[in-house]
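Source file: data-v2.cif (mmCIF, C-alpha atoms)
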```cif
data_query
loop_
_atom_site.label_atom_id
_atom_site.label_comp_id
_atom_site.auth_asym_id
_atom_site.auth_seq_id
_atom_site.Cartn_x
_atom_site.Cartn_y
_atom_site.Cartn_z
CA MET A 23 -249.53 -177.82 90.69
CA GLY A 24 -247.19 -180.63 89.62
CA HIS A 25 -244.41 -180.59 87.04
CA LYS A 26 -246.57 -182.13 84.26
CA GLU A 27 -249.37 -179.65 84.86
CA LYS A 28 -246.94 -176.70 84.77
CA LYS A 29 -245.48 -177.98 81.49
CA ALA A 30 -248.95 -178.32 79.91
CA TYR A 31 -249.96 -174.87 81.15
CA LEU A 32 -246.75 -173.36 79.68
CA ALA A 33 -247.46 -174.96 76.25
CA ALA A 34 -251.01 -173.58 76.30
CA ILE A 35 -250.07 -169.94 76.91
CA ARG A 36 -246.76 -169.77 75.00
CA LYS A 37 -248.12 -168.96 71.51
CA ARG A 38 -250.71 -166.55 72.92
CA TYR A 39 -247.90 -164.78 74.82
CA ARG A 40 -245.76 -164.39 71.71
CA LYS A 41 -248.55 -162.97 69.53
CA GLY A 42 -249.96 -160.58 72.18
CA ASN A 43 -249.18 -156.91 72.59
CA LYS A 44 -247.24 -155.48 75.50
CA GLU A 45 -250.26 -155.16 77.80
CA LEU A 46 -251.39 -158.74 77.14
CA LYS A 47 -247.87 -160.10 77.63
CA THR A 48 -247.66 -158.38 81.01
CA ARG A 49 -250.97 -159.92 82.18
CA ILE A 50 -249.99 -163.40 80.96
CA LEU A 51 -246.59 -163.17 82.63
CA ASP A 52 -248.11 -161.99 85.93
CA GLU A 53 -250.63 -164.85 85.87
CA PHE A 54 -247.90 -167.41 84.95
CA CYS A 55 -245.70 -166.29 87.87
CA ALA A 56 -248.63 -166.37 90.31
CA VAL A 57 -249.83 -169.84 89.27
CA CYS A 58 -246.44 -171.59 88.97
CA LYS A 59 -244.55 -169.62 91.66
CA TYR A 60 -241.68 -168.83 89.22
CA HIS A 61 -239.28 -165.88 89.32
CA ARG A 62 -240.32 -163.30 86.72
CA LYS A 63 -237.05 -163.49 84.74
CA TYR A 64 -237.11 -167.29 84.69
CA ALA A 65 -240.75 -167.32 83.58
CA SER A 66 -240.01 -164.88 80.75
CA ASN A 67 -237.16 -167.07 79.51
CA LEU A 68 -239.43 -170.14 79.51
CA LEU A 69 -242.07 -168.35 77.44
CA TRP A 70 -239.56 -167.13 74.81
CA GLN A 71 -237.24 -170.17 74.71
CA PRO A 72 -238.62 -172.03 71.64
CA PHE A 73 -238.74 -168.87 69.53
CA ARG A 74 -235.13 -167.83 70.01
CA LYS A 75 -232.70 -168.66 67.21
CA LYS A 76 -229.99 -171.01 68.30
CA ARG A 77 -226.57 -169.48 67.71
CA SER A 78 -224.00 -171.82 66.26
CA LYS A 79 -221.18 -172.52 68.71
CA THR A 80 -218.59 -172.57 65.94
CA LYS A 81 -219.68 -169.31 64.32
CA LYS A 82 -217.49 -166.36 65.25
CA ARG A 83 -218.86 -162.86 65.66
CA GLY A 84 -217.70 -160.05 63.42
CA LYS A 85 -216.81 -159.93 59.77
CA ARG A 86 -214.88 -162.72 58.13
CA SER A 87 -211.09 -162.47 58.27
CA ILE A 88 -209.41 -161.53 55.00
CA TYR A 89 -206.10 -163.09 56.07
CA ASN A 90 -207.14 -166.60 57.08
CA GLN A 91 -206.51 -168.15 53.67
CA SER A 92 -203.93 -170.76 52.75
CA TYR A 93 -202.18 -168.53 50.20
CA ILE A 94 -201.38 -166.08 53.04
CA LEU A 95 -200.82 -168.57 55.87
CA GLU A 96 -198.33 -170.68 53.93
CA PRO A 97 -195.72 -167.96 53.16
CA LEU A 98 -196.27 -166.36 56.59
CA THR A 99 -195.64 -169.65 58.40
CA LYS A 100 -192.58 -170.51 56.31
CA ILE A 101 -190.98 -167.11 56.89
CA TRP A 102 -191.82 -167.28 60.60
CA LEU A 103 -190.13 -170.68 60.95
CA SER A 104 -187.12 -169.51 58.93
CA THR A 105 -186.64 -166.55 61.30
CA ASN A 106 -186.54 -168.85 64.38
CA GLN A 107 -190.14 -168.10 65.34
CA MET A 108 -189.64 -164.36 65.54
CA CYS A 109 -192.16 -162.30 67.54
CA SER A 110 -194.95 -160.65 65.57
CA LYS A 111 -193.66 -157.06 65.77
CA LYS A 112 -190.24 -158.02 64.45
CA LEU A 113 -191.74 -160.42 61.91
CA LYS A 114 -193.88 -157.59 60.49
CA ALA A 115 -190.66 -155.62 59.85
CA ALA A 116 -188.94 -158.73 58.43
CA LEU A 117 -191.67 -159.57 55.88
CA PRO A 118 -190.70 -156.84 53.32
CA ILE A 119 -187.08 -158.06 53.52
CA TRP A 120 -187.85 -161.77 53.16
CA LEU A 121 -190.70 -161.72 50.61
CA PRO A 122 -188.54 -161.12 47.47
CA PHE A 123 -186.32 -164.05 48.46
CA TYR A 124 -189.38 -166.18 49.23
CA GLU A 125 -190.52 -165.81 45.62
CA ASP A 126 -187.07 -166.87 44.38
CA GLU A 127 -187.20 -169.92 46.63
CA TYR A 128 -190.84 -171.07 46.46
CA GLY A 129 -192.27 -169.43 43.35
CA GLN A 130 -194.27 -166.33 42.47
CA LEU A 131 -196.84 -165.12 45.00
CA LEU A 132 -200.25 -163.77 44.06
CA GLU A 133 -200.30 -159.97 44.01
CA GLU A 134 -203.19 -160.00 46.49
CA SER A 135 -201.26 -162.27 48.86
CA LYS A 136 -198.15 -160.09 48.65
CA ASN A 137 -200.09 -156.88 49.33
CA LYS A 138 -201.85 -158.38 52.35
CA LEU A 139 -198.58 -159.67 53.83
CA LEU A 140 -197.05 -156.19 53.50
CA VAL A 141 -199.90 -154.48 55.39
CA ILE A 142 -200.74 -157.20 57.93
CA SER A 143 -200.67 -156.07 61.57
CA ALA A 144 -198.65 -157.64 64.38
CA SER A 145 -201.79 -158.68 66.28
CA THR A 146 -203.17 -160.46 63.19
CA ILE A 147 -199.86 -162.30 62.80
CA ASP A 148 -200.16 -163.47 66.42
CA ARG A 149 -203.72 -164.64 65.81
CA LEU A 150 -202.87 -166.55 62.62
CA LEU A 151 -199.76 -168.22 64.03
CA LYS A 152 -201.27 -169.10 67.42
CA PRO A 153 -201.96 -172.78 66.52
CA ASN A 154 -198.35 -173.27 65.40
CA LYS A 155 -196.48 -171.45 68.14
CA ALA A 156 -193.98 -173.58 70.02
CA LYS A 157 -193.64 -173.35 73.79
CA PHE A 158 -190.16 -173.40 75.31
CA LYS A 159 -190.19 -174.16 79.02
CA ARG A 160 -186.71 -175.44 79.75
CA LYS A 161 -184.26 -173.31 81.66
CA GLY A 162 -180.49 -173.67 81.65
CA LEU A 163 -177.97 -173.59 84.46
CA CYS A 164 -175.87 -170.56 85.38
CA GLY A 165 -172.15 -171.09 84.72
CA THR A 166 -170.74 -167.75 85.90
CA LYS A 167 -168.01 -168.15 88.50
CA PRO A 168 -166.84 -164.88 90.06
CA GLY A 169 -163.37 -163.62 89.23
CA SER A 170 -162.50 -161.54 92.27
CA LEU A 171 -158.76 -160.97 91.83
CA LEU A 172 -158.96 -158.08 89.33
CA LYS A 173 -162.24 -156.45 90.27
CA ASN A 174 -160.54 -153.32 91.60
CA GLN A 175 -158.69 -152.83 88.29
CA ILE A 176 -161.81 -152.98 86.13
CA PRO A 177 -164.35 -150.21 86.83
CA ILE A 178 -168.07 -150.85 87.18
CA ARG A 179 -170.05 -149.20 84.43
CA THR A 180 -172.39 -146.66 86.02
CA ASP A 181 -173.60 -144.92 82.85
CA ASN A 182 -175.07 -146.12 79.55
CA TRP A 183 -172.10 -145.10 77.38
CA ASP A 184 -172.51 -143.06 74.22
CA ILE A 185 -174.99 -145.25 72.34
CA THR A 186 -175.39 -142.85 69.40
CA LYS A 187 -172.62 -144.66 67.55
CA PRO A 188 -171.57 -148.31 67.14
CA GLY A 189 -168.59 -149.84 68.91
CA PHE A 190 -169.73 -150.13 72.52
CA CYS A 191 -170.36 -153.82 73.13
CA GLU A 192 -171.50 -156.20 75.84
CA ALA A 193 -170.20 -159.76 76.20
CA ASP A 194 -171.35 -162.92 77.95
CA THR A 195 -170.92 -166.69 77.85
CA VAL A 196 -173.49 -169.50 77.65
CA ALA A 197 -172.87 -173.03 78.92
CA HIS A 198 -173.75 -176.03 76.74
CA CYS A 199 -173.69 -178.28 79.80
CA GLY A 200 -177.03 -180.08 79.67
CA ASN A 201 -178.12 -180.85 83.22
CA SER A 202 -174.69 -180.80 84.85
CA LEU A 203 -171.87 -178.25 85.09
CA SER A 204 -169.28 -180.91 85.93
CA GLY A 205 -166.52 -181.88 83.49
CA ASP A 206 -165.49 -180.20 80.24
CA PHE A 207 -167.97 -179.03 77.63
CA ALA A 208 -168.49 -176.30 75.02
CA TRP A 209 -169.35 -172.69 75.78
CA SER A 210 -170.71 -169.99 73.48
CA LEU A 211 -169.26 -166.49 73.66
CA THR A 212 -171.71 -163.73 72.66
CA LEU A 213 -170.72 -160.15 71.86
CA THR A 214 -173.39 -157.61 70.86
CA ASP A 215 -173.19 -153.95 69.90
CA ILE A 216 -175.57 -151.72 71.89
CA TYR A 217 -176.26 -149.21 69.08
CA SER A 218 -176.88 -151.51 66.13
CA ALA A 219 -177.53 -154.88 67.87
CA TRP A 220 -174.86 -156.41 65.60
CA THR A 221 -174.05 -159.73 67.28
CA GLU A 222 -171.24 -162.23 66.86
CA ASN A 223 -170.94 -165.65 68.50
CA ARG A 224 -168.04 -168.05 68.94
CA ALA A 225 -167.67 -171.47 70.54
CA ILE A 226 -164.88 -172.27 73.02
CA TRP A 227 -163.84 -175.45 74.81
CA GLY A 228 -164.05 -174.92 78.54
CA LYS A 229 -163.96 -171.36 79.76
CA GLY A 230 -160.25 -170.64 79.96
CA SER A 231 -159.07 -167.04 79.69
CA GLN A 232 -156.76 -167.78 76.75
CA GLY A 233 -159.50 -169.42 74.69
CA VAL A 234 -161.90 -166.54 75.40
CA LEU A 235 -159.24 -164.01 74.38
CA GLU A 236 -158.58 -165.78 71.08
CA GLN A 237 -162.26 -165.73 70.15
CA ILE A 238 -162.63 -162.06 71.16
CA GLN A 239 -159.72 -161.24 68.85
CA ASP A 240 -161.39 -163.20 66.05
CA ILE A 241 -164.70 -161.40 66.62
CA GLU A 242 -163.03 -157.97 66.65
CA SER A 243 -161.35 -158.67 63.32
CA LYS A 244 -164.76 -159.44 61.77
CA LEU A 245 -166.69 -156.44 63.14
CA PRO A 246 -167.69 -153.79 60.53
CA PHE A 247 -166.84 -151.02 63.04
CA GLN A 248 -164.10 -150.24 65.54
CA LEU A 249 -164.46 -151.70 69.03
CA LEU A 250 -164.67 -148.78 71.47
CA GLY A 251 -166.03 -150.29 74.67
CA PHE A 252 -166.23 -153.76 76.18
CA ASP A 253 -168.58 -154.48 79.08
CA CYS A 254 -168.92 -157.91 80.70
CA ASP A 255 -170.16 -159.64 83.82
CA ASN A 256 -167.94 -160.63 86.76
CA GLY A 257 -166.98 -164.07 85.45
CA SER A 258 -163.39 -165.25 85.69
CA GLU A 259 -163.25 -165.75 81.90
CA PHE A 260 -163.33 -161.95 81.50
CA LEU A 261 -161.68 -160.60 84.64
CA ASN A 262 -158.12 -161.72 83.93
CA HIS A 263 -154.73 -160.22 83.02
CA HIS A 264 -154.88 -161.47 79.40
CA LEU A 265 -157.96 -159.42 78.56
CA ILE A 266 -156.77 -156.34 80.44
CA ARG A 267 -153.48 -156.32 78.50
CA TYR A 268 -155.28 -156.92 75.21
CA PHE A 269 -157.45 -153.82 75.63
CA SER A 270 -154.83 -151.57 77.26
CA ASP A 271 -151.62 -152.41 75.31
CA ARG A 272 -152.67 -150.81 72.02
CA PRO A 273 -152.32 -147.38 70.37
CA LYS A 274 -154.23 -144.53 71.99
CA ALA A 275 -156.55 -144.18 68.98
CA LYS A 276 -157.62 -147.83 69.35
CA LEU A 277 -157.97 -148.02 73.13
CA VAL A 278 -161.01 -149.92 74.37
CA GLN A 279 -162.93 -148.88 77.48
CA PHE A 280 -163.05 -152.05 79.60
CA SER A 281 -165.76 -152.17 82.28
CA ARG A 282 -167.89 -154.65 84.17
CA SER A 283 -171.42 -154.87 85.52
CA ARG A 284 -172.43 -154.89 89.16
CA PRO A 285 -172.34 -158.35 90.78
CA TYR A 286 -175.72 -160.12 90.74
CA HIS A 287 -177.31 -157.43 88.53
CA LYS A 288 -178.12 -159.31 85.33
CA ASN A 289 -179.99 -156.38 83.77
CA ASP A 290 -176.76 -154.35 83.64
CA ASN A 291 -175.95 -156.43 80.55
CA ALA A 292 -179.53 -156.64 79.26
CA HIS A 293 -178.58 -156.29 75.57
CA VAL A 294 -176.37 -159.36 75.48
CA GLU A 295 -178.60 -161.36 77.86
CA GLN A 296 -181.36 -161.14 75.22
CA LYS A 297 -179.00 -162.46 72.56
CA ASN A 298 -178.06 -165.46 74.72
CA TRP A 299 -181.59 -166.69 74.05
CA THR A 300 -182.21 -165.55 70.47
CA HIS A 301 -178.72 -166.35 69.11
CA VAL A 302 -177.62 -169.36 71.17
CA ARG A 303 -180.46 -171.22 72.87
CA GLN A 304 -182.82 -171.03 69.89
CA LEU A 305 -180.05 -172.47 67.73
CA PHE A 306 -178.51 -175.18 69.93
CA GLY A 307 -181.04 -175.63 72.72
CA TYR A 308 -180.03 -177.02 76.11
CA ASP A 309 -178.18 -180.22 75.12
CA ARG A 310 -174.75 -181.10 76.50
CA PHE A 311 -171.90 -180.52 74.03
CA ASP A 312 -169.05 -182.47 75.63
CA LYS A 313 -167.08 -183.49 72.54
CA LYS A 314 -164.18 -181.30 71.45
CA PRO A 315 -164.64 -181.90 67.68
CA LEU A 316 -167.90 -179.93 67.96
CA ILE A 317 -166.03 -176.63 68.48
CA PRO A 318 -164.81 -176.11 64.87
CA LEU A 319 -168.23 -177.14 63.52
CA MET A 320 -170.01 -174.66 65.80
CA ASN A 321 -167.59 -171.86 64.90
CA ASP A 322 -167.98 -172.56 61.19
CA LEU A 323 -171.74 -172.09 61.61
CA TYR A 324 -171.41 -169.03 63.89
CA ARG A 325 -168.89 -167.20 61.63
CA LYS A 326 -170.69 -167.76 58.33
CA GLU A 327 -174.37 -168.52 57.80
CA TYR A 328 -175.71 -167.74 61.26
CA SER A 329 -173.96 -164.37 61.59
CA LEU A 330 -175.12 -163.34 58.11
CA LEU A 331 -178.72 -164.40 58.75
CA GLN A 332 -179.05 -162.67 62.11
CA ASN A 333 -177.25 -159.43 61.23
CA TYR A 334 -178.65 -158.87 57.73
CA PHE A 335 -182.16 -160.32 57.80
CA CYS A 336 -183.50 -160.44 61.38
CA PRO A 337 -184.91 -157.14 62.71
CA THR A 338 -184.53 -156.22 66.38
CA MET A 339 -186.37 -153.67 68.52
CA LYS A 340 -184.65 -150.96 70.56
CA LEU A 341 -186.05 -149.39 73.70
CA LEU A 342 -186.52 -145.63 73.23
CA SER A 343 -187.90 -144.67 76.62
CA LYS A 344 -189.10 -146.21 79.87
CA GLU A 345 -191.44 -144.39 82.23
CA ARG A 346 -192.75 -145.58 85.57
CA VAL A 347 -196.49 -145.02 86.09
CA ASN A 348 -197.47 -146.02 89.64
CA SER A 349 -196.36 -149.66 89.94
CA LYS A 350 -195.98 -150.32 86.20
CA TYR A 351 -193.43 -149.39 83.55
CA ARG A 352 -194.52 -147.91 80.25
CA LYS A 353 -192.02 -148.70 77.49
CA LYS A 354 -191.75 -147.27 74.00
CA TYR A 355 -189.84 -149.10 71.27
CA GLY A 356 -188.49 -147.89 67.96
CA ILE A 357 -189.33 -149.34 64.55
CA PRO A 358 -187.75 -152.84 64.23
CA GLN A 359 -184.64 -152.78 62.02
CA THR A 360 -181.86 -155.19 61.19
CA PRO A 361 -178.34 -154.42 62.49
CA TYR A 362 -177.29 -153.95 58.86
CA GLN A 363 -179.97 -151.27 58.34
CA ARG A 364 -178.90 -149.40 61.49
CA LEU A 365 -175.26 -149.36 60.39
CA LEU A 366 -176.19 -147.98 56.98
CA THR A 367 -177.95 -145.02 58.60
CA SER A 368 -175.10 -144.30 61.03
CA ASP A 369 -172.84 -141.30 60.37
CA HIS A 370 -169.99 -143.02 62.23
CA ILE A 371 -169.51 -145.79 59.63
CA HIS A 372 -167.09 -145.09 56.78
CA PRO A 373 -168.71 -145.07 53.28
CA ASP A 374 -166.33 -147.82 52.14
CA ALA A 375 -167.50 -150.02 55.00
CA LYS A 376 -171.13 -149.33 54.04
CA GLN A 377 -170.45 -150.28 50.43
CA LYS A 378 -168.83 -153.51 51.58
CA LEU A 379 -171.86 -154.33 53.76
CA THR A 380 -174.21 -153.61 50.85
CA ARG A 381 -172.24 -155.89 48.50
CA ILE A 382 -172.46 -158.71 51.04
CA TYR A 383 -176.19 -158.15 51.51
CA GLU A 384 -176.89 -158.23 47.77
CA SER A 385 -175.11 -161.58 47.45
CA LEU A 386 -177.24 -163.31 50.12
CA ASN A 387 -180.51 -165.24 50.17
CA PRO A 388 -181.96 -165.87 53.66
CA PHE A 389 -183.70 -169.10 52.66
CA ILE A 390 -180.44 -170.56 51.34
CA LEU A 391 -178.72 -169.47 54.56
CA ARG A 392 -181.50 -171.13 56.57
CA ARG A 393 -181.13 -174.35 54.59
CA ASN A 394 -177.35 -174.40 55.07
CA ILE A 395 -177.83 -173.78 58.80
CA GLU A 396 -180.15 -176.79 59.07
CA THR A 397 -177.62 -178.97 57.23
CA LYS A 398 -174.79 -177.94 59.54
CA LEU A 399 -176.98 -178.38 62.61
CA LYS A 400 -177.69 -181.99 61.60
CA ASN A 401 -173.94 -182.65 61.38
CA ILE A 402 -173.43 -181.12 64.82
CA PHE A 403 -176.25 -183.02 66.52
CA ASN A 404 -175.14 -186.27 64.89
CA LEU A 405 -171.95 -186.03 67.00
CA ILE A 406 -173.77 -185.49 70.29
#
```
Encoded form using structure tokens:
Amino acid sequence: MGHKEKKAYLAAIRKRYRKGNKELKTRILDEFCAVCKYHRKYASNLLWQPFRKKRSKTKKRGKRSIYNQSYILEPLTKIWLSTNQMCSKKLKAALPIWLPFYEDEYGQLLEESKNKLLVISASTIDRLLKPNKAKFKRKGLCGTKPGSLLKNQIPIRTDNWDITKPGFCEADTVAHCGNSLSGDFAWSLTLTDIYSAWTENRAIWGKGSQGVLEQIQDIESKLPFQLLGFDCDNGSEFLNHHLIRYFSDRPKAKLVQFSRSRPYHKNDNAHVEQKNWTHVRQLFGYDRFDKKPLIPLMNDLYRKEYSLLQNYFCPTMKLLSKERVNSKYRKKYGIPQTPYQRLLTSDHIHPDAKQKLTRIYESLNPFILRRNIETKLKNIFNLI
């Protein structure tokens, strides 16, 4: 039997097959397979093909999303961009903080929109923002040069310190060198508190020990808590006599525990390594900053708007436990909070210091801070 004959035979039995009962359908299918030499499953599909409803390719299964409306996407996208494209879990914690300021900046939100943004899940945020998410693929150069002269005088930290109170900090530097480490260029110094994640940044020209010391002194004077511990990598900008004297030549009540990480173990300073990305690279990128007039402009931004935005309005997550199960690690994180919120709940912060932090918080608007940051960034990049 040829192809045309098979096609005509199929058209003749198709309607009879559909209207028949189970017994009749079985006989017709057996006869069709015997005559045309088809596999039984293939023959069944041919007989039913015209009667099946074609499913639309664009139609998605499941009930319609209640979040995929412009009056929800617009404020969600604007807040996400203002928080430097924060991850969904942290953005969920940031939404209750930012929404009152959003209404001051962009106008009143619908009550329905506000309620949905307050109860939206992290996975739904990821799904809604997926078309807008930026992809960062560039990787910077490592600028750490070992300082071996004073290694024996600075102990390696082998424990995790007492992280139930603020004051124990990690420090690191980031090179704004572009594609080459040769010549002079700007560096960013990052210092972060392990307990609260309070982070301060400063810009320095070159990586000289004196310049690093001056910025560490400036950072310490701005911290809302006493500096108790200082942990760094093995770079020569930290392992020097200036820094040792600064931490050791002070009253006993204000002594700072100075320690260093193990060589070539980046995760020993995991807290500050995270901030090198979120607080430096997301702000300035990987361009080369090789003009000295940039330093005061960068420090003006770091000391004021950027420090206030990150420490008062950007939640961070803290690791509570890590358990190894076979070849994988199972991690549990706490509820995302801002550094400011963690300091307010700490029993080791003086009430006067808490009142001062609260007064500062009540005087701020994150969208105004974000706008001022963008203005200062334009001035900085105009000089590059």
Applied to the shown file, which residues does the PyMOL selection byres ((chain A and resi 335) around 8) return, written as a ChimeraX atom specification?
/A:116,119-120,330-334,336-337,360,388
Can you list, as a tab-separated table (two decimals) with C-alpha atoms, keeping the file's coordinate frame, the residues that the PyMOL selection byres ((chain A and resi 353) around 9) selects here?
```
chain	number	residue	atom	x	y	z
A	341	LEU	CA	-186.05	-149.39	73.70
A	342	LEU	CA	-186.52	-145.63	73.23
A	343	SER	CA	-187.90	-144.67	76.62
A	344	LYS	CA	-189.10	-146.21	79.87
A	345	GLU	CA	-191.44	-144.39	82.23
A	346	ARG	CA	-192.75	-145.58	85.57
A	351	TYR	CA	-193.43	-149.39	83.55
A	352	ARG	CA	-194.52	-147.91	80.25
A	354	LYS	CA	-191.75	-147.27	74.00
A	355	TYR	CA	-189.84	-149.10	71.27
```
Can you tell me which residues surround Gln296 in chain A at a distance of at most 12 Å, considering all atoms listed in the file, apart from same-chain residues fewer than 3 positions away, and format the answer as a list in words?
Glu192, Ala193, Asp194, Val196, Thr212, Leu213, Thr214, Ile216, Ala219, Thr221, Lys288, Asn289, Asp290, Asn291, Ala292, His293, Trp299, Thr300, His301, Val302, Arg303, Gln304, Thr338, Met339 and Lys340 of chain A
Given the selection you just returned, output its residues as a file containing C-alpha atoms, formatted as a PDB file, in the coordinates of the input.
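Produced file part27.pdb, reproduced below:
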```
ATOM      1  CA  GLU A 192    -171.500-156.200  75.840  1.00  0.00           C
ATOM      2  CA  ALA A 193    -170.200-159.760  76.200  1.00  0.00           C
ATOM      3  CA  ASP A 194    -171.350-162.920  77.950  1.00  0.00           C
ATOM      4  CA  VAL A 196    -173.490-169.500  77.650  1.00  0.00           C
ATOM      5  CA  THR A 212    -171.710-163.730  72.660  1.00  0.00           C
ATOM      6  CA  LEU A 213    -170.720-160.150  71.860  1.00  0.00           C
ATOM      7  CA  THR A 214    -173.390-157.610  70.860  1.00  0.00           C
ATOM      8  CA  ILE A 216    -175.570-151.720  71.890  1.00  0.00           C
ATOM      9  CA  ALA A 219    -177.530-154.880  67.870  1.00  0.00           C
ATOM     10  CA  THR A 221    -174.050-159.730  67.280  1.00  0.00           C
ATOM     11  CA  LYS A 288    -178.120-159.310  85.330  1.00  0.00           C
ATOM     12  CA  ASN A 289    -179.990-156.380  83.770  1.00  0.00           C
ATOM     13  CA  ASP A 290    -176.760-154.350  83.640  1.00  0.00           C
ATOM     14  CA  ASN A 291    -175.950-156.430  80.550  1.00  0.00           C
ATOM     15  CA  ALA A 292    -179.530-156.640  79.260  1.00  0.00           C
ATOM     16  CA  HIS A 293    -178.580-156.290  75.570  1.00  0.00           C
ATOM     17  CA  TRP A 299    -181.590-166.690  74.050  1.00  0.00           C
ATOM     18  CA  THR A 300    -182.210-165.550  70.470  1.00  0.00           C
ATOM     19  CA  HIS A 301    -178.720-166.350  69.110  1.00  0.00           C
ATOM     20  CA  VAL A 302    -177.620-169.360  71.170  1.00  0.00           C
ATOM     21  CA  ARG A 303    -180.460-171.220  72.870  1.00  0.00           C
ATOM     22  CA  GLN A 304    -182.820-171.030  69.890  1.00  0.00           C
ATOM     23  CA  THR A 338    -184.530-156.220  66.380  1.00  0.00           C
ATOM     24  CA  MET A 339    -186.370-153.670  68.520  1.00  0.00           C
ATOM     25  CA  LYS A 340    -184.650-150.960  70.560  1.00  0.00           C
TER      26      LYS A 340
END
```
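Between CA of Gly200 in chain A and CA of Glu295 in chain A lies a distance of 18.9 Å.
For the file at hand, the PyMOL selection byres ((chain A and resi 58) around 10) resolves to A:Met23, A:Gly24, A:His25, A:Glu27, A:Lys28, A:Lys29, A:Tyr31, A:Leu32, A:Glu53, A:Phe54, A:Cys55, A:Ala56, A:Val57, A:Lys59, A:Tyr60, A:His61, A:Ala65.
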Nearest to Leu250 in chain A, restricted to all atoms listed in the file and choosing among A:Asn404, A:Ile185, A:Pro285, A:Leu203, comes out as A:Ile185
Near-Gln107 in chain A list (8 Å; all atoms listed in the file; drop same-chain fewer than 4 positions) as a compact mmCIF listing (two decimals) with C-alpha atoms, keeping the file's coordinate frame:
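Printed below is out10.txt as written:
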```txt
# COMPACT_ATOMS: atom_id res chain seq x y z
CA TRP A 102 -191.82 -167.28 60.60
CA LEU A 103 -190.13 -170.68 60.95
CA LYS A 155 -196.48 -171.45 68.14
```
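The closest residue to Phe306 in chain A, picked from A:Gln279, A:Ala197, A:Arg86, A:Tyr64 and counting only C-alpha atoms, is A:Ala197.
Distance-wise, CA of Asn154 in chain A and CA of Thr99 in chain A end up 8.3 Å apart.
Residue nearest Ile371 in chain A, chosen from A:Ile147, A:Lys136, A:Phe247, A:Lys229 and counting all atoms listed in the file: A:Phe247.
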